[in-house]
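S.K.: Take a look at the following structure, please.
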4 protein chains.
Amino acid sequence: MAKLWGGRFEKATDKLLEQFNASIGFDWRMYAADIKGSIAYAHALEKVNILTVDEVTAIVNGLNAVLEEFDAGTFAFLPSDEDIHTAIERRLSELIGEVAGKLHTGRSRNDQVATDMRLYLLSQIPVLHEHLKGVQRAIVDKAEVHLDVIMPGYTHMQPAQPILFSHWLMSFFWMLQRDVDRLNDLTRRVSVMPLGGAALAGNTFGIDRAALAADLGFLQTSENSLDSVPDRDFVAETLFWAALLQTHLSRLSEDLIIYATAEFGFVELDDAYSTGSSIMPQKKNPDSLELVRGKTGRLVGNLVALLTMLKGLPSSYDKDLQEDKEPLFDTLDTLELELPVLAGVISTLRINAGRMASALRDDLLATELADYLVRQGMPFRQGHHIVGQVVRVALEKNCGLRDLSIADYHAISPHFGDDVHDVLDFRRAIEQRDVPGGTATKAVQVQIKRAKELLAF
Amino acid sequence: MAKLWGGRFEKATDKLLEQFNASIGFDWRMYAADIKGSIAYAHALEKVNILTVDEVTAIVNGLNAVLEEFDAGTFAFLPSDEDIHTAIERRLSELIGEVAGKLHTGRSRNDQVATDMRLYLLSQIPVLHEHLKGVQRAIVDKAEVHLDVIMPGYTHMQPAQPILFSHWLMSFFWMLQRDVDRLNDLTRRVSVMPLGGAALAGNTFGIDRAALAADLGFLQTSENSLDSVPDRDFVAETLFWAALLQTHLSRLSEDLIIYATAEFGFVELDDAYSTGSSIMPQKKNPDSLELVRGKTGRLVGNLVALLTMLKGLPSSYDKDLQEDKEPLFDTLDTLELELPVLAGVISTLRINAGRMASALRDDLLATELADYLVRQGMPFRQGHHIVGQVVRVALEKNCGLRDLSIADYHAISPHFGDDVHDVLDFRRAIEQRDVPGGTATKAVQVQIKRAKELLAF
Amino acid sequence: MAKLWGGRFEKATDKLLEQFNASIGFDWRMYAADIKGSIAYAHALEKVNILTVDEVTAIVNGLNAVLEEFDAGTFAFLPSDEDIHTAIERRLSELIGEVAGKLHTGRSRNDQVATDMRLYLLSQIPVLHEHLKGVQRAIVDKAEVHLDVIMPGYTHMQPAQPILFSHWLMSFFWMLQRDVDRLNDLTRRVSVMPLGGAALAGNTFGIDRAALAADLGFLQTSENSLDSVPDRDFVAETLFWAALLQTHLSRLSEDLIIYATAEFGFVELDDAYSTGSSIMPQKKNPDSLELVRGKTGRLVGNLVALLTMLKGLPSSYDKDLQEDKEPLFDTLDTLELELPVLAGVISTLRINAGRMASALRDDLLATELADYLVRQGMPFRQGHHIVGQVVRVALEKNCGLRDLSIADYHAISPHFGDDVHDVLDFRRAIEQRDVPGGTATKAVQVQIKRAKELLAF
Amino acid sequence: MAKLWGGRFEKATDKLLEQFNASIGFDWRMYAADIKGSIAYAHALEKVNILTVDEVTAIVNGLNAVLEEFDAGTFAFLPSDEDIHTAIERRLSELIGEVAGKLHTGRSRNDQVATDMRLYLLSQIPVLHEHLKGVQRAIVDKAEVHLDVIMPGYTHMQPAQPILFSHWLMSFFWMLQRDVDRLNDLTRRVSVMPLGGAALAGNTFGIDRAALAADLGFLQTSENSLDSVPDRDFVAETLFWAALLQTHLSRLSEDLIIYATAEFGFVELDDAYSTGSSIMPQKKNPDSLELVRGKTGRLVGNLVALLTMLKGLPSSYDKDLQEDKEPLFDTLDTLELELPVLAGVISTLRINAGRMASALRDDLLATELADYLVRQGMPFRQGHHIVGQVVRVALEKNCGLRDLSIADYHAISPHFGDDVHDVLDFRRAIEQRDVPGGTATKAVQVQIKRAKELLAF
């Protein structure tokens with residue numbers, strides 16, 4: 001048996017086109033989804049009397065035998081297997097004969113492709129969830145252990161205000177939590193069954209679509225066959241979801257790469273997550289994190305590939321849509337390898353509290369001074385301006401804010417009292433920020449508690 | 001009053017940098033959001049005794065006066081107004097004096113920017129919903145009126161099976177309904193209040209963030225100040241949402257552009273939605289639809305701009321983030337103009353049922369023949385192959401499937417009975433597809449009914 | 001022998017990171033480039049007395065033996081081979097012992113990667129040229145054979161003016177000729193040798209870089225080691241080149257897909273370049289062209305992947321750069337398969353001159369009428385307006401421009417003389433456009449002649 | 001006078017469509033190009049006797065008057081001016097009457113648009129060149145002045161080998177030099193005149209295109225009217241050129257942002273190129289560089305917008321192409337503001353040689369030790385491994401490589417002689433790398449000399 005569609009053709013397909021056209025090189029991975037879908041469809045055909053009980057038994061047994069071959073790695077592909085659907089149908093007909101040809105009654109290959117992709121993705125979503133949680137768990141564990149570590153907080157990479165290291169780390173927990181939230185939302189839209197759309201106009205044998213959907217674990221059935229067979233919104237949404245998640249991972253990586261420089265020295269990667277140089281014997285490089293950062297390009301590229309392909313496509317199925325699979329699979333593969341690596345990087349990261357402490361510059365306390373003036377009744381803008389002058393004086397004297405004398409402060413503004421040095425304290429500055437979501441220890445403890453509750457699901 | 005931050009600087013900012021740095025050219029449109037946020041914040045400051053009742057009254061009255069100036073178009077910008085926040089603060093201090101400087105106690109400009117953008121976007125989402133519904137309504141109305149029109153259904157732009165014109169049109173309703181659904185989901189994530197994050201580490205004056213959120217109409221408050229001030233996920237998600245919506249619009253446009261060609265002639269655009277040529281007097285071009293299709297590039301580009309900007313950004317706020325606004329505003333502006341235009345195109349579209357009918361080729365009925373054989377008990381694959389031969393014979397005889405005689409059919413397969421011509425009927429083929437989501441009249445009526453229910457919200 | 005860099009490490013690399021980090025799965029294809037580079041480098045080391053003549057002989061023989069293993073498909077990879085460079089070095093040391101370790105004196109792996117990629121790409125550019133010419137040749141041949149065929153020319157997909165089919169087809173020749181031109185330009189920039197940059201700061205053994213470049217066939221040597229080791233401009237430029245070329249191919253595909261519809265019927269694809277449907281026996285789909293169109297997404301995505309990866313990367317080499325290879329290889333593979341398929345599609349395309357002729361509507365001649373009035377001395381704008389009225393009258397009478405009587409014309413404008421019908425001739429309209437680059441037969445013949453000259457190189 | 005094309009239409013254009021369709025909001029900037037093109041075209045029409053000498057005089061004088069209005073800012077737009085071409089034609093006809101309508105004989109608006117865009121871009125290219133040179137000049141000047149400054153060279157942001165600060169800085173000169181080179185190449189392709197293509201099929205009045213091109217300063221005329229009117233390759237190429245240039249600028253910015261952190265402290269931005277914070281009085285942020293880095297998203301987005309728009313577009317002109325202008329103009333505007341800002345940042349940058357010197361860690365000399373062993377005859381791989389052990393011992397002893405005794409070295413390998421400490425010298429390491437393109441002072445001086453020669457053009 002060769003192609004599924006040769007009847008009307010007089011000439012064989014060009015060899016290069018066959019190669020160009022074939023998707024078996026990447027769609028084979030949907031074999032389990034395809035077989036699952038076919039078994040359910042066989043039962044549906046029985047209910048409308050297209051298949052007898054015996055035929056269904058033969059088909060289901062045959063499909064299960066094919067599944068075993070795939071699982072065992074013994075399935076033998078033939079050059080004529082242009083895609084996974086053809087390959088399975090071919091093998092089924094070898095195993096059970098002509099009755100195999102009845103399975104495809106009222107179902108088109110594109111109906112099948114659309115269904116398989118959704119089933120396949122639905123099987124991967126729990127894996128993605130687990131990997132995301134793995135990273136989140138590594139974050140929370142680390143944040144909890146190092147709750148007492150103070151580091152400089154930056155904006156524009158310039159010293160801003162002191163923060164807890166755990167506050168910094170937990171900020172990535174919440175980014176990822178939004179990714180979890182978005183993944184839940186999109187799952188609902190993946191879980192819509194197209195099967196029964198046939199080529200474009202709907203099944204002609206009165207298939208019970210609602211029962212099929214229930215059988216296959218879909219939450220809904222699609223509303224319009226013409227829309228649902230070529231609908232790839234769920235792929236686009238997954239690719240975007242991954243690309244945005246990836247920007248989060250790239251920001252975490254960027255921070256850690258900078259914090260791991262000799263000049264910052266805030267953290268050190270474990271040897272297990274570093275690599276060396278072929279020429280420089282001293283080297284220990286954060287390749288793991290650089291790859292994470294670099295793979296953002298790949299995942300944004302995959303999203304663009306899909307959206308550009310979809311742009312201006314005529315209605316219904318066009319072969320262009322075959323270009324949906326490789327970006328999706330590549331994105332899933334990337335995440336499924338990268339997330340555990342990142343979890344490992346975080347879990348094994350050494351935190352150098354000493355280097356962080358020695359990086360706490362007086363500058364980080366300038367806002368405390370402005371707030372001090374506000375508490376004396378001065379408008380913040382004026383306070384800000386006066387503290388700007390304090391900073392300038394300290395720069396001129398080449399000293400820190402804590403090194404200026406009360407007299408120095410008085411000279412700039414009489415509103416500075418004798419207690420001005422009291423506010424120039426890193427720990428105090430941190431505990432001052434005890435608003436929900438702030439960096440005060442209690443506020444960060446609340447974050448950690450909530451995070452653990454979320455992870456408990 | 002000049003900059004908000006000049007105190008520590010010895011030298012003036014370079015003039016070109018001022019221009020490069022300024023965002024007032026595009027962020028002015030958030031004035032109402034900014035003022036709304038400031039009024040709520042003033043009340044919050046009062047509760048923690050930073051402002052007196054009188055000060056709040058002065059500030060609120062002042063802000064309302066500024067709002068009126070904006071609404072009336074009389075607000076006078078100064079060259080030193082680097083952004084909308086600075087401009088409003090400057091004007092407020094002109095109007096009410098030094099007390100204006102108290103409003104910014106414990107709030108950073110980036111805190112404000114993040115809050116304003118969310119408030120602004122929340123104000124636009126109902127507009128987007130209304131415009132989307134406008135297009136959906138035009139679709140449903142048209143589909144209902146033309147329920148009796150049959151057209152060729154295509155896959156790969158080649159004749160596939162007959163469908164109802166209304167089935168084709170309704171396919172776009174459901175695409176857009178997914179967009180509605182996604183817009184609902186993302187709205188939840190836009191509706192998270194960052195205010196209270198201050199620069200990065202949290203507000204120091206014990207502001208009641210939950211009350212502020214309630215006051216401003218946010219569903220939630222953010223969990224981590226370091227994450228929430230620079231968080232632009234909500235922008236990315238909106239830009240993706242728009243880009244995917246736009247691929248749907250581009251597909252609708254592509255279909256209509258092709259259907260409006262002289263060669264298809266299925267539809268004609270109203271003069272009001274067409275334009276002519278400067279050189280060819282006969283021309284009537286579907287510019288409206290081509291622009292819709294073309295603007296897909298713009299919206300995908302806006303998404304890529306944001307994601308690329310976010311890639312690898314160090315933690316917390318960096319100035320790169322200022323590049324978030326123009327893509328967002330441009331995308332909103334595009335949709336808010338384009339969607340009503342498209343609704344108009346659809347509402348005024350002339351449907352040429354005659355041209356559609358004359359495009360119904362016998363080819364479209366080949367699947368009916370295969371199904372016929374299946375109903376005789378033949379496996380579908382075999383049926384498909386036999387009908388392939390029928391098609392080839394018809395091609396050789398240069399006639400349609402309906403023109404072949406019973407004898408011709410018998411010659412190819414004895415399974416073709418005398419009743420074979422009965423299935424070669426376009427209407428019958430359509431009504432045969434009466435599965436939920438299929439093209440049968442009843443099934444399309446169900447679609448229309450459901451669509452109307454969804455639009456009733 | 002394991003890693004190239006293990007000396008300072010206490011712990012083994014994490015297994016998942018090894019997998020995440022490995023590039024052997026895709027960079028193996030550069031084996032010949034790698035070996036070529038190493039042989040040249042061995043000779044260079046001899047000149048500076050790092051290697052003896054005997055050592056060079058051993059190394060070169062060893063490398064040639066490794067090359068033979070690759071060419072023969074007998075090279076055995078080990079799990080520890082993280083990339084092609086490691087794999088070859090490992091195998092070389094197995095074959096010739098410790099002296100293999102001398103080859104890498106003063107050369108870093110990244111030096112090697114950058115050199116190999118350029119050598120590899122330089123080896124593919126002639127292949128790309130040949131494939132491009134293959135498509136161009138198919139275009140010119142077809143254009144020459146069908147020089148007498150007239151078709152409607154479109155703008156906005158609406159009938160505009162009559163043109164020669166060959167003029168339409170040749171328009172794609174010139175697009176591709178710009179791609180040829182750009183490929184020539186970028187080749188100059190690929191042909192710059194980074195070798196000698198070492199890790200980042202330059203080779204310490206006084207290697208003669210100019211001689212090395214000459215030996216390896218590079219046109220130039222790079223000017224700054226810090227820039228040249230991580231420079232991937234040549235990859236970005238190649239990916240852009242391919243993406244732009246691909247938009248041209250997508251436009252050709254789009255036209256042909258539309259022209260191959262039943263409604264246009266201007267062309268028919270050969271069976272060898274079409275595929276069928278699993279469910280609809282009559283189907284003959286232009287999958288080849290749809291895949292070409294669809295692959296535009298992939299190639300734009302590859303470009304975006306690279307640019308996004310490069311964005312904001314710190315100076316010198318970062319591991320992110322390893323993400324350069326898969327987009328490049330995927331783009332090359334796509335083009336090397338797709339271009340020959342497209343050449344085949346064009347060569348075997350059936351041109352249906354009859355369908356084109358019957359699609360020639362009178363509308364296409366409206367500009368001739370305006371030009372007619374201009375030749376009477378009327379300003380074009382006025383002529384355009386008058387012909388607009390003629391068109392409207394014809395629409396009202398539901399007839400063609402040629403069907404209106406002289407009286408009808410006179411009634412609209414007295415400037416229409418008795419000879420007005422003379423200009424309403426498709427062939428005349430075409431030959432009228434005899435400006436260079438126009439659609440007149442002579443002008444198109446000039447195009448074909450020039451094209452042949454360009455192809456002769 | 002209203003639209004250029006209203007004759008055949010019965011109904012007015014929808015108001016929203018007019019707004020959606022209008023390009024006057026952004027294409028007005030091409031007024032000088034449009035008028036230049038029209039003046040040349042008027043002369044061309046005279047040569048073929050469509051215009052009399054008097055008519056040409058009237059038209060040219062009229063156009064010059066319009067030009068003066070634009071230059072003086074007194075040109076009054078009307079709501080009906082849908083684009084710059086319409087606006088100018090409308091105004092010309094107000095000034096000189098009906099003869100204005102003769103100017104457009106044989107020329108279509110799209111012919112004009114394509115010509116204007118190329119003329120406009122050609123007028124901007126010298127500006128871009130000058131701005132690029134400005135940045136390059138700032139680099140060379142700074143590199144020359146600080147030739148004696150040594151800094152740590154990094155790969156993966158980890159200390160690698162010592163380099164000259166000037167070597168680091170010059171690496172960006174050469175990146176930009178490739179951009180200069182690419183700009184030269186693309187200019188050749190911008191300088192191709194489409195004029196004479198008319199709507200799609202070529203001019204009907206025998207216009208002398210070669211003379212027109214010479215008159216307008218184009219290097220070539222296009223070869224095929226159908227290709228050249230909608231050809232936007234030159235826009236795509238410019239947008240890619242800019243996006244790649246922008247990745248270079250983003251890498252320079254990233255380095256400087258990191259080098260300007262308190263922890264690195266290698267450089268300090270001038271106050272004139274820094275900004276402060278609204279809340280933190282001590283802040284001095286590198287906003288200028290962050291904006292440069294951030295704008296990479298914008299420029300990549302503009303490129304994607306254009307490529308996505310072009311994908312799958314039917315042949316000849318489609319209105320989608322109007323989406324070409326905003327990305328191009330936005331990209332040009334961005335560069336023309338950003339490049340001078342960046343030149344200013346570099347020129348005024350303070351270099352902190354002391355901080356760089358104190359960041360020179362012994363680690364940076366590990367390669368020197370391996371090279372030392374190579375010079376004793378040891379294979380590099382073995383030397384690398386032994387030095388890896390040296391590094392590990394130093395780590396264990398928590399000291400630098402220079403702090404290990406001769407005995408320590410001997411204990412690891414007998415190949416280390418008494419002179420081993422001699423190679424542990426930063427300056428020596430630098431001067432050792434005296435290969436062309438290396439970091440040795442002489443090699444960097446050669447770079448600076450060549451750079452000055454290139455800038456002299």
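In the structure tokens, chains take the letters A, B, ... in the order shown, each chain's residues start at 1, and ligands count up from 1 in the order shown.
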Extract, using only C-alpha atoms, all DNA, RNA and protein residues at most 9 Å from segment 75-89 of chain C, discarding same-chain residues fewer than 4 positions from it, and format them as a PyMOL selection string.
M.R.: chain C and resi 1-4+18-19+21-31+34-35+63+66-71+93-94+100-101+103-104+109+112-113
S.K.: For chain D, work out the contacting residues on chain B at 7 Å, counting only C-alpha atoms, and write them as number ranges by chain.
M.R.: B: 4-14, 16-17, 20, 108-109, 199, 271-273, 276-279, 281-282, 287-288, 290-291, 293-298, 300-302, 304-306, 308-309, 318-320, 323, 337-338, 341
S.K.: Kindly export the residues of the current selection with C-alpha atoms, as a CSV table (one decimal), in the first residue's frame.
M.R.:
chain,number,residue,atom,x,y,z
B,4,LEU,CA,12.2,65.4,39.3
B,5,TRP,CA,15.7,64.3,40.0
B,6,GLY,CA,18.3,67.0,39.4
B,7,GLY,CA,19.7,67.4,42.9
B,8,ARG,CA,22.9,65.4,42.7
B,9,PHE,CA,23.8,66.4,39.2
B,10,GLU,CA,26.4,69.0,38.3
B,11,LYS,CA,25.8,69.2,34.6
B,12,ALA,CA,22.6,69.6,32.5
B,13,THR,CA,21.4,66.8,30.4
B,14,ASP,CA,22.5,66.7,26.8
B,16,LEU,CA,19.7,65.2,22.3
B,17,LEU,CA,19.5,62.8,25.2
B,20,PHE,CA,15.8,60.6,23.1
B,108,SER,CA,8.2,56.3,42.4
B,109,ARG,CA,7.6,57.3,38.9
B,199,ALA,CA,11.1,52.1,43.3
B,271,ASP,CA,-18.2,51.4,-3.0
B,272,ALA,CA,-17.8,52.9,0.5
B,273,TYR,CA,-15.2,50.3,1.3
B,276,GLY,CA,-9.9,53.6,-7.1
B,277,SER,CA,-6.7,54.0,-9.1
B,278,SER,CA,-4.9,57.2,-10.0
B,279,ILE,CA,-4.3,55.9,-13.5
B,281,PRO,CA,-10.3,54.6,-14.4
B,282,GLN,CA,-12.1,51.2,-14.2
B,287,ASP,CA,-8.0,48.5,-0.1
B,288,SER,CA,-9.8,48.2,3.2
B,290,GLU,CA,-5.6,44.7,2.0
B,291,LEU,CA,-4.8,47.1,4.8
B,293,ARG,CA,-4.2,41.9,5.9
B,294,GLY,CA,-1.1,44.1,5.7
B,295,LYS,CA,-1.4,45.3,9.2
B,296,THR,CA,-0.7,41.8,10.5
B,297,GLY,CA,2.9,42.6,9.9
B,298,ARG,CA,2.7,45.6,12.1
B,300,VAL,CA,3.4,40.8,14.8
B,301,GLY,CA,6.3,43.4,14.7
B,302,ASN,CA,5.0,45.1,17.8
B,304,VAL,CA,8.5,41.0,18.6
B,305,ALA,CA,9.6,44.4,19.5
B,306,LEU,CA,8.4,43.9,23.1
B,308,THR,CA,13.1,41.2,22.1
B,309,MET,CA,13.3,44.2,24.4
B,318,ASP,CA,15.7,49.4,33.4
B,319,LYS,CA,15.0,52.2,31.0
B,320,ASP,CA,14.6,49.8,28.1
B,323,GLU,CA,9.9,51.0,24.8
B,337,LEU,CA,-9.8,51.8,13.6
B,338,GLU,CA,-9.6,48.5,11.8
B,341,VAL,CA,-14.0,49.3,9.1
S.K.: Which of segment 180-240 of chain D end up as helix (DSSP H, G or I) when DSSP is run on this backbone - answer as a ChimeraX atom specification?
M.R.: /D:180-190,209-216,225-228,233-240
S.K.: Write the residues of the selection above to a file with C-alpha atoms, as a CSV table (one decimal), in the first residue's frame.
M.R.:
chain,number,residue,atom,x,y,z
D,180,VAL,CA,29.3,50.9,6.9
D,181,ASP,CA,30.2,48.3,4.3
D,182,ARG,CA,26.7,46.8,4.2
D,183,LEU,CA,25.2,50.3,3.9
D,184,ASN,CA,27.4,50.9,0.8
D,185,ASP,CA,26.2,47.7,-0.7
D,186,LEU,CA,22.5,48.3,-0.2
D,187,THR,CA,22.8,51.9,-1.5
D,188,ARG,CA,23.5,50.4,-4.9
D,189,ARG,CA,20.2,48.6,-4.7
D,190,VAL,CA,18.3,51.6,-3.5
D,209,ARG,CA,13.8,56.2,-18.6
D,210,ALA,CA,17.6,56.2,-18.8
D,211,ALA,CA,17.6,60.0,-19.1
D,212,LEU,CA,15.1,60.3,-16.2
D,213,ALA,CA,17.3,58.1,-14.1
D,214,ALA,CA,20.4,60.2,-14.9
D,215,ASP,CA,18.4,63.4,-14.1
D,216,LEU,CA,17.3,62.1,-10.7
D,225,SER,CA,7.7,47.1,-14.4
D,226,LEU,CA,5.6,44.5,-12.7
D,227,ASP,CA,8.5,43.7,-10.3
D,228,SER,CA,9.7,47.3,-9.7
D,233,ASP,CA,13.5,44.8,-1.1
D,234,PHE,CA,15.3,48.0,-0.5
D,235,VAL,CA,13.2,48.7,2.5
D,236,ALA,CA,13.6,45.3,3.9
D,237,GLU,CA,17.4,45.4,3.4
D,238,THR,CA,17.6,48.8,5.1
D,239,LEU,CA,15.5,47.6,8.0
D,240,PHE,CA,17.7,44.5,8.4
S.K.: Quote the spacing between atom CA of Pro436 of chain D and atom CA of Ser250 of chain D in Å to one decimal place.
M.R.: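 Between these atoms lies a distance of 26.6 Å.
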S.K.: May I have the residues within 12 Å of Leu455 of chain A as a list in words, using only C-alpha atoms and disregarding those fewer than 5 positions away in the same chain?
M.R.: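 Neighbouring residues, sequence-local ones excluded: His129, Glu130, His131, Leu132, Lys133, Gly134, Val135, Gln136, Arg137, Ala138, Ile139, Val140, Asp141, Phe173, Trp174, Leu176, Gln177, Val180, Ile448, Lys449 and Arg450 of chain A.
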S.K.: Rank A:Leu45, A:Val53, A:Ile386, A:Ala201 by their smallest atom-to-atom distance to Thr441 of chain B, using only C-alpha atoms, and report the top residue only.
M.R.: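 Closest candidate: A:Ala201.
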